[in-house]
Amino acid sequence: MHDVCIVGAGPAGLNAALVLGRCGRDVIVFDSGQPRNAASRGLHGYLTRDGCHPKDLRQMGRDECGKYPSVKFSDRQVASVQKRDDGFVIVTLDGQSVEARLLLLATGRIDVLPDKPGFREYYGHGVYHCPYCDGWEHRHERIAVYGECPDVVDFALTLLTWTEQILLCPTDPCAVVTRDHARLQANGITVATAPLKALGGDGETLRDLQFEDGTTAPIDAVFFTSELPQKSTIAQSLGCALDAGGSVICEAHAATGVAGLYVAGNVRGGVHLAIMAAAEGAEAAIAINEALADRELRAAPDGTPARDTPLEQRSAANITSQKG
């Protein structure tokens with residue numbers, strides 16, 4: 001039985017594997033090879049790796065984890081997980097199974113692309129969902145913002161950080177209420193009067209927007225809002241609850257309400273940046289190692305527990321240093 005199984009090999013899963021490898025823990029990491037940011041040409045906001053291709057970051061992560069002999073990788077996709085009293089049984093699509101004492105889910109989310117021609121074709125090179133990842137590359141350019149009201153209104157206002165040339169394209173132009181029209185106009189944002197029909201371009205570069213009324217508008221980039229469902233249903237199948245935003249609810253230090261199950265990265269709520277996912281992976285790894293250590297410590301001869309303070313109440317300052 002492995003100490004830990006990690007499902008997902010993005011920044012969260014890889015950073016967790018790295019920390020646990022440095023603890024000498026027996027870890028198996030499942031990598032389906034289908035990352036959320038596969039369409040991205042470069043991740044941003046990641047100190048020392050700004051602009052790094054996501055594929056290169058994952059490979060560097062696997063290489064670094066490979067320095068620790070107790071960390072193993074499996075390029076199989078996990079189909080299901082069963083909870084047992086002593087841990088978990090992880091079953092892959094091809095019928096292979098492994099056992100682990102603790103389980104970390106770092107399976108991420110799915111970006112649901114709008115069902116309009118051109119969105120999938122230009123996704124990652126002209127069409128984006130995160131301005132903190134891709135806004136700088138289109139600063140001061142003509143940007144369209146597509147999505148449902150009222151969320152798309154606030155999203156358009158956020159994009160003023162990067163450009164003053166914004167065209168709001170609601171899925172239903174009639175859904176923009178008078179109050180929103182007033183604040184959009186006050187901030188120089190134009191609202192399209194007809195529904196968006198398609199995105200146009202030469203196959204490599206996005207060129208324009210095509211509307212249902214036959215009109216077009218030149219554009220340099222499109223940002224969109226959409227639902228972000230969980231990529232995997234494993235957490236729910238094991239009994240985890242989701243909050244209103246579709247995030248797995250976790251307690252202190254990445255633990256869920258299911259004993260032995262932890263979550264990190266986009267599975268949780270909060271900011272969906274690669275560097276945040278990596279940080280959450282490290283947090284989960286420390287919590288997992290502490291939980292394993294608690295199981296292995298022996299009580300004093302008189303029955304006094306080895307440690308009095310429960311893991312969820314321990315200060316992070318007591319188990320990590322500023323030097324890292």
# chains A, B, ... in the order shown; residues from 1 in each chain; ligands from 1
>>> residues_around(residues="A:Ile286", least_positions_apart="2", cutoff="10 Å", atoms="only C-alpha atoms", output="VMD selection string")
chain A and resid 16 19 to 20 23 253 to 254 280 to 284 288 to 292 316 319 to 320
>>> residues_around(residues="A:Gly203", least_positions_apart="6", cutoff="10 Å", atoms="only C-alpha atoms", output="mmCIF file with C-alpha atoms, in the first residue's frame")
data_model
loop_
_atom_site.group_PDB
_atom_site.id
_atom_site.type_symbol
_atom_site.label_atom_id
_atom_site.label_comp_id
_atom_site.auth_asym_id
_atom_site.auth_seq_id
_atom_site.Cartn_x
_atom_site.Cartn_y
_atom_site.Cartn_z
ATOM 1 C CA GLY A 118 -14.545 30.179 -33.623
ATOM 2 C CA GLU A 121 -10.552 27.274 -32.958
ATOM 3 C CA TYR A 122 -8.973 30.374 -31.391
#
>>> closest_residue(among="A:Gln59, A:Ser32, A:Asn15, A:Thr171", to="A:Pro150", atoms="only C-alpha atoms")
A:Thr171
>>> residues_around(residues="A:Leu228", least_positions_apart="5", cutoff="6 Å", atoms="only C-alpha atoms", output="JSON, numbers by chain")
{"A": [109, 110, 111]}
>>> residues_around(residues="A:Ala175", least_positions_apart="5", cutoff="12 Å", atoms="only C-alpha atoms", output="mmCIF file with N, CA and C atoms, in the first residue's frame")
data_model
loop_
_atom_site.group_PDB
_atom_site.id
_atom_site.type_symbol
_atom_site.label_atom_id
_atom_site.label_comp_id
_atom_site.auth_asym_id
_atom_site.auth_seq_id
_atom_site.Cartn_x
_atom_site.Cartn_y
_atom_site.Cartn_z
ATOM 1 N N GLY A 147 -20.414 36.696 -22.484
ATOM 2 C CA GLY A 147 -20.935 35.882 -21.407
ATOM 3 C C GLY A 147 -22.324 36.307 -20.999
ATOM 4 N N GLU A 148 -22.822 35.653 -19.958
ATOM 5 C CA GLU A 148 -24.172 35.924 -19.487
ATOM 6 C C GLU A 148 -24.179 37.031 -18.443
ATOM 7 N N CYS A 149 -25.263 37.797 -18.458
ATOM 8 C CA CYS A 149 -25.473 38.812 -17.429
ATOM 9 C C CYS A 149 -25.960 38.129 -16.148
ATOM 10 N N PRO A 150 -25.626 38.691 -14.971
ATOM 11 C CA PRO A 150 -24.919 39.952 -14.762
ATOM 12 C C PRO A 150 -23.395 39.800 -14.645
ATOM 13 N N ASP A 151 -22.887 38.545 -14.581
ATOM 14 C CA ASP A 151 -21.455 38.336 -14.338
ATOM 15 C C ASP A 151 -20.585 38.992 -15.395
ATOM 16 N N VAL A 152 -21.023 38.963 -16.654
ATOM 17 C CA VAL A 152 -20.193 39.482 -17.733
ATOM 18 C C VAL A 152 -20.001 40.993 -17.619
ATOM 19 N N VAL A 153 -20.940 41.683 -16.965
ATOM 20 C CA VAL A 153 -20.803 43.133 -16.792
ATOM 21 C C VAL A 153 -19.618 43.447 -15.885
ATOM 22 N N CYS A 169 -20.309 41.871 -25.185
ATOM 23 C CA CYS A 169 -21.206 41.060 -26.016
ATOM 24 C C CYS A 169 -21.978 40.094 -25.127
ATOM 25 N N PRO A 170 -23.084 40.532 -24.548
ATOM 26 C CA PRO A 170 -23.876 39.633 -23.708
ATOM 27 C C PRO A 170 -24.521 38.536 -24.552
ATOM 28 N N ASP A 180 -26.911 48.789 -15.281
ATOM 29 C CA ASP A 180 -25.643 48.320 -15.830
ATOM 30 C C ASP A 180 -25.255 49.113 -17.077
ATOM 31 N N HIS A 181 -26.220 49.438 -17.893
ATOM 32 C CA HIS A 181 -25.935 50.270 -19.071
ATOM 33 C C HIS A 181 -25.293 51.590 -18.641
ATOM 34 N N VAL A 191 -21.728 48.449 -25.643
ATOM 35 C CA VAL A 191 -22.512 47.212 -25.541
ATOM 36 C C VAL A 191 -23.061 46.859 -26.919
ATOM 37 N N ALA A 192 -22.795 45.638 -27.364
ATOM 38 C CA ALA A 192 -23.311 45.175 -28.649
ATOM 39 C C ALA A 192 -24.836 45.083 -28.581
ATOM 40 N N THR A 193 -25.500 45.470 -29.645
ATOM 41 C CA THR A 193 -26.966 45.482 -29.671
ATOM 42 C C THR A 193 -27.556 44.207 -30.255
ATOM 43 N N ALA A 194 -26.719 43.399 -30.920
ATOM 44 C CA ALA A 194 -27.190 42.138 -31.504
ATOM 45 C C ALA A 194 -26.407 40.976 -30.907
ATOM 46 N N PRO A 195 -27.004 39.805 -30.822
ATOM 47 C CA PRO A 195 -26.288 38.635 -30.289
ATOM 48 C C PRO A 195 -25.099 38.256 -31.168
#
>>> residues_around(residues="A:Leu14", least_positions_apart="4", cutoff="7 Å", atoms="only C-alpha atoms", output="number ranges by chain")
A: 9-10, 18, 61-62
>>> residues_around(residues="stretch 245-251 of chain A", least_positions_apart="2", cutoff="10 Å", atoms="only C-alpha atoms", output="VMD selection string")
chain A and resid 108 to 109 227 to 230 235 to 236 240 to 243 253 to 258 261 to 264 266 to 270 312
>>> write_last_selection(atoms="N, CA and C atoms", output="compact mmCIF listing (two decimals), in the first residue's frame")
# COMPACT_ATOMS: atom_id res chain seq x y z
N GLY A 108 -8.54 19.37 -10.97
CA GLY A 108 -8.83 20.60 -11.69
C GLY A 108 -10.28 20.75 -12.15
N ARG A 109 -10.49 21.71 -13.05
CA ARG A 109 -11.81 22.05 -13.57
C ARG A 109 -11.82 21.96 -15.09
N GLU A 227 -19.31 28.49 -17.04
CA GLU A 227 -19.30 27.60 -15.89
C GLU A 227 -17.96 26.88 -15.81
N LEU A 228 -17.60 26.46 -14.60
CA LEU A 228 -16.33 25.75 -14.39
C LEU A 228 -16.60 24.46 -13.62
N PRO A 229 -17.19 23.47 -14.26
CA PRO A 229 -17.49 22.22 -13.56
C PRO A 229 -16.22 21.46 -13.17
N GLN A 230 -16.34 20.64 -12.16
CA GLN A 230 -15.24 19.78 -11.76
C GLN A 230 -14.89 18.83 -12.90
N ALA A 235 -14.48 13.23 -6.07
CA ALA A 235 -14.73 13.83 -4.75
C ALA A 235 -16.18 13.67 -4.34
N GLN A 236 -17.09 13.92 -5.27
CA GLN A 236 -18.52 13.78 -4.96
C GLN A 236 -18.89 12.33 -4.70
N CYS A 240 -17.92 14.09 -0.77
CA CYS A 240 -17.60 15.50 -0.57
C CYS A 240 -18.76 16.38 -1.04
N ALA A 241 -18.91 17.51 -0.38
CA ALA A 241 -19.92 18.48 -0.77
C ALA A 241 -19.28 19.59 -1.58
N LEU A 242 -20.08 20.22 -2.46
CA LEU A 242 -19.62 21.35 -3.25
C LEU A 242 -20.32 22.61 -2.77
N ASP A 243 -19.61 23.75 -2.86
CA ASP A 243 -20.24 25.01 -2.50
C ASP A 243 -20.99 25.57 -3.71
N HIS A 253 -6.20 23.20 6.16
CA HIS A 253 -5.05 22.52 5.56
C HIS A 253 -5.46 21.50 4.50
N ALA A 254 -6.43 21.83 3.64
CA ALA A 254 -6.78 21.06 2.45
C ALA A 254 -7.54 19.77 2.72
N ALA A 255 -7.84 19.46 3.97
CA ALA A 255 -8.59 18.25 4.28
C ALA A 255 -10.07 18.45 3.96
N THR A 256 -10.71 17.38 3.49
CA THR A 256 -12.14 17.42 3.24
C THR A 256 -12.87 16.78 4.42
N GLY A 257 -14.19 16.71 4.30
CA GLY A 257 -14.97 16.06 5.35
C GLY A 257 -14.88 14.55 5.30
N VAL A 258 -14.21 14.00 4.27
CA VAL A 258 -14.01 12.56 4.15
C VAL A 258 -12.64 12.22 4.71
N LEU A 261 -9.01 12.14 2.83
CA LEU A 261 -9.11 12.72 1.49
C LEU A 261 -8.78 14.21 1.53
N TYR A 262 -7.87 14.64 0.66
CA TYR A 262 -7.43 16.03 0.58
C TYR A 262 -7.63 16.54 -0.84
N VAL A 263 -7.75 17.86 -0.97
CA VAL A 263 -7.90 18.46 -2.30
C VAL A 263 -6.97 19.66 -2.43
N ALA A 264 -6.51 19.92 -3.65
CA ALA A 264 -5.62 21.06 -3.90
C ALA A 264 -5.82 21.55 -5.32
N ASN A 266 -7.38 23.79 -8.46
CA ASN A 266 -8.67 24.31 -8.91
C ASN A 266 -9.86 23.51 -8.40
N VAL A 267 -9.61 22.31 -7.86
CA VAL A 267 -10.69 21.54 -7.24
C VAL A 267 -11.31 22.38 -6.13
N ARG A 268 -10.46 23.12 -5.44
CA ARG A 268 -10.92 24.03 -4.40
C ARG A 268 -11.35 25.36 -5.03
N GLY A 269 -11.87 26.25 -4.21
CA GLY A 269 -12.23 27.57 -4.68
C GLY A 269 -11.03 28.49 -4.66
N GLY A 270 -11.29 29.80 -4.72
CA GLY A 270 -10.21 30.77 -4.68
C GLY A 270 -9.71 31.15 -6.06
N GLU A 312 -5.49 20.19 12.57
CA GLU A 312 -6.19 21.36 12.06
C GLU A 312 -5.99 22.59 12.92
>>> residues_around(residues="A:Tyr132", least_positions_apart="6", cutoff="12 Å", atoms="only C-alpha atoms", output="tab-separated table (two decimals) with C-alpha atoms, in the first residue's frame")
chain	number	residue	atom	x	y	z
A	43	LEU	CA	1.44	30.53	-18.11
A	44	HIS	CA	1.88	33.84	-16.32
A	45	GLY	CA	2.13	35.25	-12.83
A	46	TYR	CA	4.40	32.36	-11.75
A	50	ASP	CA	6.51	33.75	-16.30
A	138	HIS	CA	-3.48	42.40	-25.30
A	139	ARG	CA	-3.04	45.64	-23.38
A	155	PHE	CA	-15.95	41.02	-15.95
A	158	THR	CA	-12.36	44.35	-14.63
A	159	LEU	CA	-10.76	44.28	-18.08
A	161	THR	CA	-7.22	47.36	-16.11
A	162	TRP	CA	-5.65	46.32	-19.43
A	223	PHE	CA	-12.44	37.03	-23.06
A	271	VAL	CA	-7.92	32.18	-7.36
A	272	HIS	CA	-7.31	29.82	-10.27
A	273	LEU	CA	-3.67	30.61	-11.08
A	274	ALA	CA	-0.96	28.00	-11.57
>>> closest_residue(among="A:Pro35, A:Gly21, A:Pro114, A:Gly95", to="A:Tyr68", atoms="only C-alpha atoms")
A:Gly21
>>> atom_distance(atom1="atom CA of A:Gly201", atom2="atom CA of A:Glu137")
18.4 Å
>>> decode(residues="stretch 119-236 of chain A", atoms="C-alpha atoms", output="PDB file, in the first residue's frame")
ATOM      1  CA  PHE A 119     -14.268  29.890 -29.854  1.00  0.00           C
ATOM      2  CA  ARG A 120     -12.634  26.459 -29.881  1.00  0.00           C
ATOM      3  CA  GLU A 121     -10.552  27.274 -32.958  1.00  0.00           C
ATOM      4  CA  TYR A 122      -8.973  30.374 -31.391  1.00  0.00           C
ATOM      5  CA  TYR A 123      -8.933  29.239 -27.760  1.00  0.00           C
ATOM      6  CA  GLY A 124      -5.511  29.985 -26.314  1.00  0.00           C
ATOM      7  CA  HIS A 125      -4.474  32.333 -29.139  1.00  0.00           C
ATOM      8  CA  GLY A 126      -7.088  35.049 -29.267  1.00  0.00           C
ATOM      9  CA  VAL A 127      -9.777  33.627 -26.992  1.00  0.00           C
ATOM     10  CA  TYR A 128      -9.183  33.498 -23.223  1.00  0.00           C
ATOM     11  CA  HIS A 129     -10.987  33.275 -19.903  1.00  0.00           C
ATOM     12  CA  CYS A 130      -8.438  34.791 -17.479  1.00  0.00           C
ATOM     13  CA  PRO A 131      -7.199  38.387 -17.895  1.00  0.00           C
ATOM     14  CA  TYR A 132      -4.569  37.895 -15.197  1.00  0.00           C
ATOM     15  CA  CYS A 133      -3.083  35.180 -17.394  1.00  0.00           C
ATOM     16  CA  ASP A 134      -3.451  36.813 -20.806  1.00  0.00           C
ATOM     17  CA  GLY A 135      -4.537  40.447 -20.387  1.00  0.00           C
ATOM     18  CA  TRP A 136      -1.024  41.913 -20.575  1.00  0.00           C
ATOM     19  CA  GLU A 137      -0.435  40.462 -24.042  1.00  0.00           C
ATOM     20  CA  HIS A 138      -3.482  42.398 -25.298  1.00  0.00           C
ATOM     21  CA  ARG A 139      -3.036  45.636 -23.381  1.00  0.00           C
ATOM     22  CA  HIS A 140      -4.505  48.689 -25.136  1.00  0.00           C
ATOM     23  CA  GLU A 141      -5.977  46.460 -27.842  1.00  0.00           C
ATOM     24  CA  ARG A 142      -9.585  45.942 -28.909  1.00  0.00           C
ATOM     25  CA  ILE A 143     -11.117  43.373 -26.563  1.00  0.00           C
ATOM     26  CA  ALA A 144     -14.572  41.809 -26.630  1.00  0.00           C
ATOM     27  CA  VAL A 145     -16.111  40.298 -23.497  1.00  0.00           C
ATOM     28  CA  TYR A 146     -18.674  37.518 -23.968  1.00  0.00           C
ATOM     29  CA  GLY A 147     -20.935  35.882 -21.407  1.00  0.00           C
ATOM     30  CA  GLU A 148     -24.172  35.924 -19.487  1.00  0.00           C
ATOM     31  CA  CYS A 149     -25.473  38.812 -17.429  1.00  0.00           C
ATOM     32  CA  PRO A 150     -24.919  39.952 -14.762  1.00  0.00           C
ATOM     33  CA  ASP A 151     -21.455  38.336 -14.338  1.00  0.00           C
ATOM     34  CA  VAL A 152     -20.193  39.482 -17.733  1.00  0.00           C
ATOM     35  CA  VAL A 153     -20.803  43.133 -16.792  1.00  0.00           C
ATOM     36  CA  ASP A 154     -18.416  43.005 -13.846  1.00  0.00           C
ATOM     37  CA  PHE A 155     -15.945  41.021 -15.948  1.00  0.00           C
ATOM     38  CA  ALA A 156     -15.937  43.757 -18.605  1.00  0.00           C
ATOM     39  CA  LEU A 157     -15.280  46.408 -15.955  1.00  0.00           C
ATOM     40  CA  THR A 158     -12.359  44.354 -14.628  1.00  0.00           C
ATOM     41  CA  LEU A 159     -10.764  44.282 -18.080  1.00  0.00           C
ATOM     42  CA  LEU A 160     -10.432  48.072 -18.022  1.00  0.00           C
ATOM     43  CA  THR A 161      -7.220  47.356 -16.108  1.00  0.00           C
ATOM     44  CA  TRP A 162      -5.651  46.322 -19.430  1.00  0.00           C
ATOM     45  CA  THR A 163      -7.453  48.278 -22.143  1.00  0.00           C
ATOM     46  CA  GLU A 164      -9.867  51.127 -22.674  1.00  0.00           C
ATOM     47  CA  GLN A 165     -11.259  49.557 -25.876  1.00  0.00           C
ATOM     48  CA  ILE A 166     -13.905  47.123 -24.685  1.00  0.00           C
ATOM     49  CA  LEU A 167     -16.966  45.795 -26.473  1.00  0.00           C
ATOM     50  CA  LEU A 168     -19.391  43.912 -24.248  1.00  0.00           C
ATOM     51  CA  CYS A 169     -21.206  41.060 -26.016  1.00  0.00           C
ATOM     52  CA  PRO A 170     -23.876  39.633 -23.708  1.00  0.00           C
ATOM     53  CA  THR A 171     -25.422  36.307 -24.684  1.00  0.00           C
ATOM     54  CA  ASP A 172     -28.700  38.218 -24.529  1.00  0.00           C
ATOM     55  CA  PRO A 173     -28.244  41.966 -25.152  1.00  0.00           C
ATOM     56  CA  CYS A 174     -31.720  42.593 -23.737  1.00  0.00           C
ATOM     57  CA  ALA A 175     -30.573  41.220 -20.376  1.00  0.00           C
ATOM     58  CA  VAL A 176     -28.363  44.255 -19.676  1.00  0.00           C
ATOM     59  CA  VAL A 177     -30.427  46.285 -17.221  1.00  0.00           C
ATOM     60  CA  THR A 178     -30.611  50.094 -17.210  1.00  0.00           C
ATOM     61  CA  ARG A 179     -28.357  50.415 -14.158  1.00  0.00           C
ATOM     62  CA  ASP A 180     -25.643  48.320 -15.830  1.00  0.00           C
ATOM     63  CA  HIS A 181     -25.935  50.270 -19.071  1.00  0.00           C
ATOM     64  CA  ALA A 182     -25.315  53.463 -17.106  1.00  0.00           C
ATOM     65  CA  ARG A 183     -22.153  52.260 -15.368  1.00  0.00           C
ATOM     66  CA  LEU A 184     -20.796  50.674 -18.550  1.00  0.00           C
ATOM     67  CA  GLN A 185     -21.344  53.906 -20.445  1.00  0.00           C
ATOM     68  CA  ALA A 186     -19.744  55.917 -17.639  1.00  0.00           C
ATOM     69  CA  ASN A 187     -16.602  53.789 -18.052  1.00  0.00           C
ATOM     70  CA  GLY A 188     -16.471  53.942 -21.846  1.00  0.00           C
ATOM     71  CA  ILE A 189     -17.591  50.355 -22.509  1.00  0.00           C
ATOM     72  CA  THR A 190     -19.701  49.787 -25.625  1.00  0.00           C
ATOM     73  CA  VAL A 191     -22.512  47.212 -25.541  1.00  0.00           C
ATOM     74  CA  ALA A 192     -23.311  45.175 -28.649  1.00  0.00           C
ATOM     75  CA  THR A 193     -26.966  45.482 -29.671  1.00  0.00           C
ATOM     76  CA  ALA A 194     -27.190  42.138 -31.504  1.00  0.00           C
ATOM     77  CA  PRO A 195     -26.288  38.635 -30.289  1.00  0.00           C
ATOM     78  CA  LEU A 196     -22.876  37.305 -31.266  1.00  0.00           C
ATOM     79  CA  LYS A 197     -22.986  34.751 -34.085  1.00  0.00           C
ATOM     80  CA  ALA A 198     -19.355  33.721 -34.623  1.00  0.00           C
ATOM     81  CA  LEU A 199     -15.686  34.671 -34.422  1.00  0.00           C
ATOM     82  CA  GLY A 200     -13.824  35.272 -37.673  1.00  0.00           C
ATOM     83  CA  GLY A 201     -10.178  35.086 -38.669  1.00  0.00           C
ATOM     84  CA  ASP A 202      -7.636  33.398 -40.906  1.00  0.00           C
ATOM     85  CA  GLY A 203      -7.315  30.242 -38.802  1.00  0.00           C
ATOM     86  CA  GLU A 204      -4.265  31.527 -36.964  1.00  0.00           C
ATOM     87  CA  THR A 205      -5.242  35.057 -35.969  1.00  0.00           C
ATOM     88  CA  LEU A 206      -8.588  36.258 -34.665  1.00  0.00           C
ATOM     89  CA  ARG A 207      -9.834  39.165 -36.788  1.00  0.00           C
ATOM     90  CA  ASP A 208     -13.452  40.063 -36.112  1.00  0.00           C
ATOM     91  CA  LEU A 209     -16.807  39.404 -34.496  1.00  0.00           C
ATOM     92  CA  GLN A 210     -19.822  38.448 -36.574  1.00  0.00           C
ATOM     93  CA  PHE A 211     -23.278  39.315 -35.230  1.00  0.00           C
ATOM     94  CA  GLU A 212     -26.717  37.879 -35.859  1.00  0.00           C
ATOM     95  CA  ASP A 213     -27.873  41.084 -37.596  1.00  0.00           C
ATOM     96  CA  GLY A 214     -25.153  40.699 -40.255  1.00  0.00           C
ATOM     97  CA  THR A 215     -22.807  43.353 -38.865  1.00  0.00           C
ATOM     98  CA  THR A 216     -19.152  42.768 -37.960  1.00  0.00           C
ATOM     99  CA  ALA A 217     -16.626  44.417 -35.660  1.00  0.00           C
ATOM    100  CA  PRO A 218     -12.800  44.212 -35.774  1.00  0.00           C
ATOM    101  CA  ILE A 219     -11.305  42.695 -32.652  1.00  0.00           C
ATOM    102  CA  ASP A 220      -7.924  41.592 -31.274  1.00  0.00           C
ATOM    103  CA  ALA A 221      -8.995  39.289 -28.427  1.00  0.00           C
ATOM    104  CA  VAL A 222     -12.080  37.832 -26.752  1.00  0.00           C
ATOM    105  CA  PHE A 223     -12.438  37.033 -23.063  1.00  0.00           C
ATOM    106  CA  PHE A 224     -15.393  34.970 -21.906  1.00  0.00           C
ATOM    107  CA  THR A 225     -17.171  33.872 -18.749  1.00  0.00           C
ATOM    108  CA  SER A 226     -18.549  30.361 -18.348  1.00  0.00           C
ATOM    109  CA  GLU A 227     -19.302  27.602 -15.892  1.00  0.00           C
ATOM    110  CA  LEU A 228     -16.331  25.754 -14.388  1.00  0.00           C
ATOM    111  CA  PRO A 229     -17.488  22.216 -13.556  1.00  0.00           C
ATOM    112  CA  GLN A 230     -15.235  19.779 -11.759  1.00  0.00           C
ATOM    113  CA  LYS A 231     -13.182  17.712 -14.195  1.00  0.00           C
ATOM    114  CA  SER A 232     -13.641  14.643 -12.019  1.00  0.00           C
ATOM    115  CA  THR A 233     -16.603  13.386 -10.002  1.00  0.00           C
ATOM    116  CA  ILE A 234     -14.412  11.373  -7.637  1.00  0.00           C
ATOM    117  CA  ALA A 235     -14.725  13.832  -4.753  1.00  0.00           C
ATOM    118  CA  GLN A 236     -18.521  13.781  -4.958  1.00  0.00           C
TER     119      GLN A 236
END
